[in-house]
Amino acid sequence: MSVEQEQTERTIRCLVAKVGLDGHDRGAHVIARALRDAGFEVIYSGLHRAPEEVVQAAVQEDVDVVGISILSGAHNTLVPKILDGLKEYDAFDDRLILVGGIVPDDDKDELRELGVDEIFGPGASMEEMIDYIHEHAPER
Amino acid sequence: MSDLVEDLLAGKHSALARVITKIENRSPGYREIISALHQHTGTADVVGVTGSPGAGKSTLVDKVAATYRERGQTVGVIAIDPSSPFSGGAVLGDRIRMASNAGDMDVFFRSMSARGSLGGLSTATTDAVTALDAFGKDKIIVETVGAGQNEVDIVRTADTVAVLVPPGSGDDVQMLKAGILEIGDVFVVNKADLDGADRTVQQLREMLQGRSGRPDTGHHGATELAAADAASADDPAEGDMEAWTPPIVETVANRGEGVEDFLGALADHGDYLDRTGRRERQARERFAAEIRTLLREDANELLSDELDRRGGIEQYVDAVVERHTDPYTVVDDVLAPLRECLDEPRDDA
């Protein structure tokens, strides 16, 4: 059966998380659906999540990819909290951490140093993101 | 591998999460993990929650979990969502509604997708329940949309099955149709503040009264009917065993109304299971079903490998199409060596 064959290719799980005070999540919905159509399992967090809620979801759902969407500019305070939380639960090393949103270049370097794997700005295409995930999803 | 088991037993959340991932992926070694965990299980109460989409299952489960937590109990939730038949992908959205338990690690909420698996999902769900039980969860809730046979199987991994019925969910004929209404130990009319709720309660009540006309075993499941017959033959007391009448509870889950009543009904059913010895019997039946399922799955796999070794199914299909042979002869032919193997030792003896 084809179902059996698909099983050999691991299903990639992604968390799409809205953290902080952003008031709308159309972009997150679009991303969630595109990832679903790419064959991923997507867990969507809903709006206004606190960092510890994102950590809880990422740990319990054992996602391969933690996608954090922030438009409010609060990435410098919120993202490090998420990273620390993941480390606390031994859930940092084998996870791909992506940030999406409006992030100034200086901040990008800082986030990367902290452990964010890639940052996708407003111009990023869905294919770009999906290809990146396929190439970099951690081996388990 | 055994590190993972040790970490899980030691209460590490990431280990529990990873074990469930391995179960879902059928990763190498997952069977050994489940085998090792089995001896640590048997203490959790397992509740299945099902109902049509939009009935309010997740919202109710969220409030139930919060109430258990207030009572100092730990909770595991497995929520099953469908996957796309085209891409295989899925959006697992029930987590959004777990707001009351956000940030509380002692509510372990895990989304699982159906992954288009043919019957494999109920095995995966059973194994995930094993993992949560071994982890030490007091209460485990399995939540799924009650759409088909597969979903019915899944909630039957539970000690108690709650079926949610939203108001206005169809006419009397819907209520008469076979399906999830037959498996409920507790019925919940959620969104009881909406118009039509009274009527739905009334319809349910009539349906449940009609149900007492069947050879009632007092609990869910058709296989159990057969098992009950067998048991009553052995045990004369079995025949006049106390029957269970499923209660109907009204809730407004998003406001938390009726949640205590619901938990009371679940507890009553739990008492009933203990009092009548049904809990033990249900467990036995579940293990029997699990063994049968695993045997079937493994035998399927062996046969599928054998077919591949013989060059695939297409040549047989060709021969059947050409009327050189027929499906029954093909099956006899493929199974012949297996039959011989199984018969051989007995012939020797």
# chains A, B, ... in the order shown; residues from 1 in each chain; ligands from 1
$ closest_atom_pairs --of "chain A" --to "chain B" --cutoff "8 Å" --atoms "only C-alpha atoms" --output "CSV"
residue,atom,partner,partner_atom,distance
A:Val3,CA,B:Ser117,CA,6.8
A:Gln7,CA,B:Asn25,CA,7.0
A:Arg10,CA,B:Asn25,CA,6.7
A:Thr11,CA,B:Asn25,CA,7.5
A:Ala32,CA,B:Val91,CA,7.0
A:Arg33,CA,B:Val91,CA,7.3
A:Leu35,CA,B:Gly89,CA,7.5
A:Arg36,CA,B:Gly89,CA,4.4
A:Asp37,CA,B:Ser87,CA,5.5
A:Ala38,CA,B:Ser87,CA,6.3
A:Gly39,CA,B:Gly89,CA,3.8
A:Phe40,CA,B:Gly89,CA,4.6
A:Glu41,CA,B:Ala90,CA,4.6
A:Val42,CA,B:Val91,CA,4.6
A:Ile43,CA,B:Leu92,CA,4.9
A:Tyr44,CA,B:Gly93,CA,5.9
A:Ser45,CA,B:Ile96,CA,5.5
A:Gly46,CA,B:Ile96,CA,5.4
A:Glu52,CA,B:Gly103,CA,5.5
A:Glu53,CA,B:Gly103,CA,4.6
A:Gln56,CA,B:Gly103,CA,6.0
A:Ala57,CA,B:Phe109,CA,8.0
A:Val59,CA,B:Ser14,CA,5.8
A:Gln60,CA,B:Ala17,CA,5.2
A:Glu61,CA,B:Arg110,CA,5.5
A:Asp62,CA,B:Ala17,CA,5.4
A:Tyr89,CA,B:Ser14,CA,6.4
A:Asp90,CA,B:Ser14,CA,6.6
A:Ala91,CA,B:Ser14,CA,6.5
$ residues_around --residues "Gly27 of chain A" --least-positions-apart "3" --cutoff "12 Å" --atoms "only C-alpha atoms" --output "ChimeraX atom specification"
/A:16-18,22-24,30-34,44,46-47,68-71,100-101,121-122,124-126
$ select_by_dssp --residues "chain A" --states "helix (DSSP H, G or I)" --output "JSON, numbers by chain"
{"A": [2, 3, 4, 5, 6, 7, 8, 26, 27, 28, 29, 30, 31, 32, 33, 34, 35, 36, 37, 51, 52, 53, 54, 55, 56, 57, 58, 59, 60, 75, 76, 77, 78, 79, 80, 81, 82, 83, 84, 85, 86, 87, 88, 105, 106, 107, 108, 109, 110, 111, 112, 113, 114, 126, 127, 128, 129, 130, 131, 132, 133, 134, 135, 136]}
$ atom_distance --atom1 "atom CA of Arg279 of chain B" --atom2 "atom CA of Asp159 of chain B"
7.0 Å
$ residues_around --residues "Leu21 of chain A" --least-positions-apart "2" --cutoff "7 Å" --atoms "only C-alpha atoms" --output "PyMOL selection string"
chain A and resi 19+23+48+72
$ write_last_selection --atoms "C-alpha atoms" --output "CSV table (one decimal), in the first residue's frame"
chain,number,residue,atom,x,y,z
A,19,VAL,CA,3.5,35.2,20.8
A,23,GLY,CA,-3.6,41.5,17.2
A,48,HIS,CA,-1.6,36.1,22.3
A,72,SER,CA,5.0,43.7,17.3
$ atom_distance --atom1 "atom CA of Ile80 of chain B" --atom2 "atom CA of Asn190 of chain B"
19.5 Å
$ atom_distance --atom1 "atom CA of Val99 of chain A" --atom2 "atom CA of Asp62 of chain B"
28.6 Å
$ residues_around --residues "segment 114-118 of chain A" --least-positions-apart "4" --cutoff "9 Å" --atoms "only C-alpha atoms" --output "list in words"
Val79, Pro80, Leu83, Phe92, Leu96, Ile97, Leu98, Val99, Gly100, Lys108, Asp109, Glu110 and Tyr132 of chain A
$ write_last_selection --atoms "C-alpha atoms" --output "short mmCIF file (atom, residue, chain, number, x, y, z; two decimals), in the first residue's frame"
data_model
loop_
_atom_site.label_atom_id
_atom_site.label_comp_id
_atom_site.auth_asym_id
_atom_site.auth_seq_id
_atom_site.Cartn_x
_atom_site.Cartn_y
_atom_site.Cartn_z
CA VAL A 79 12.23 34.88 21.68
CA PRO A 80 15.01 34.48 24.27
CA LEU A 83 14.67 29.53 23.78
CA PHE A 92 16.19 22.89 22.11
CA LEU A 96 14.56 23.95 14.17
CA ILE A 97 13.74 27.44 15.46
CA LEU A 98 12.34 29.87 12.91
CA VAL A 99 11.24 33.43 13.44
CA GLY A 100 8.90 35.24 11.09
CA LYS A 108 18.72 39.21 13.37
CA ASP A 109 22.37 38.64 14.22
CA GLU A 110 21.56 38.66 17.89
CA TYR A 132 14.37 25.33 4.18
#
$ residues_around --residues "Glu250 of chain B" --least-positions-apart "5" --cutoff "6 Å" --atoms "only C-alpha atoms" --output "VMD selection string"
chain B and resid 188 to 190 192
$ write_last_selection --atoms "N, CA and C atoms" --output "PDB file, in the first residue's frame"
ATOM      1  N   VAL B 188     -23.626  13.964  26.817  1.00  0.00           N
ATOM      2  CA  VAL B 188     -23.520  15.364  27.173  1.00  0.00           C
ATOM      3  C   VAL B 188     -24.197  16.193  26.097  1.00  0.00           C
ATOM      4  N   VAL B 189     -25.204  16.954  26.482  1.00  0.00           N
ATOM      5  CA  VAL B 189     -25.746  17.955  25.565  1.00  0.00           C
ATOM      6  C   VAL B 189     -25.033  19.252  25.922  1.00  0.00           C
ATOM      7  N   ASN B 190     -24.015  19.547  25.107  1.00  0.00           N
ATOM      8  CA  ASN B 190     -23.231  20.760  25.347  1.00  0.00           C
ATOM      9  C   ASN B 190     -23.937  21.920  24.646  1.00  0.00           C
ATOM     10  N   ALA B 192     -25.880  23.902  26.087  1.00  0.00           N
ATOM     11  CA  ALA B 192     -27.241  23.700  26.565  1.00  0.00           C
ATOM     12  C   ALA B 192     -28.005  25.010  26.662  1.00  0.00           C
TER      13      ALA B 192
END
$ residues_around --residues "Val55 of chain A" --least-positions-apart "5" --cutoff "7 Å" --atoms "only C-alpha atoms" --output "PyMOL selection string"
chain A and resi 82+85-86
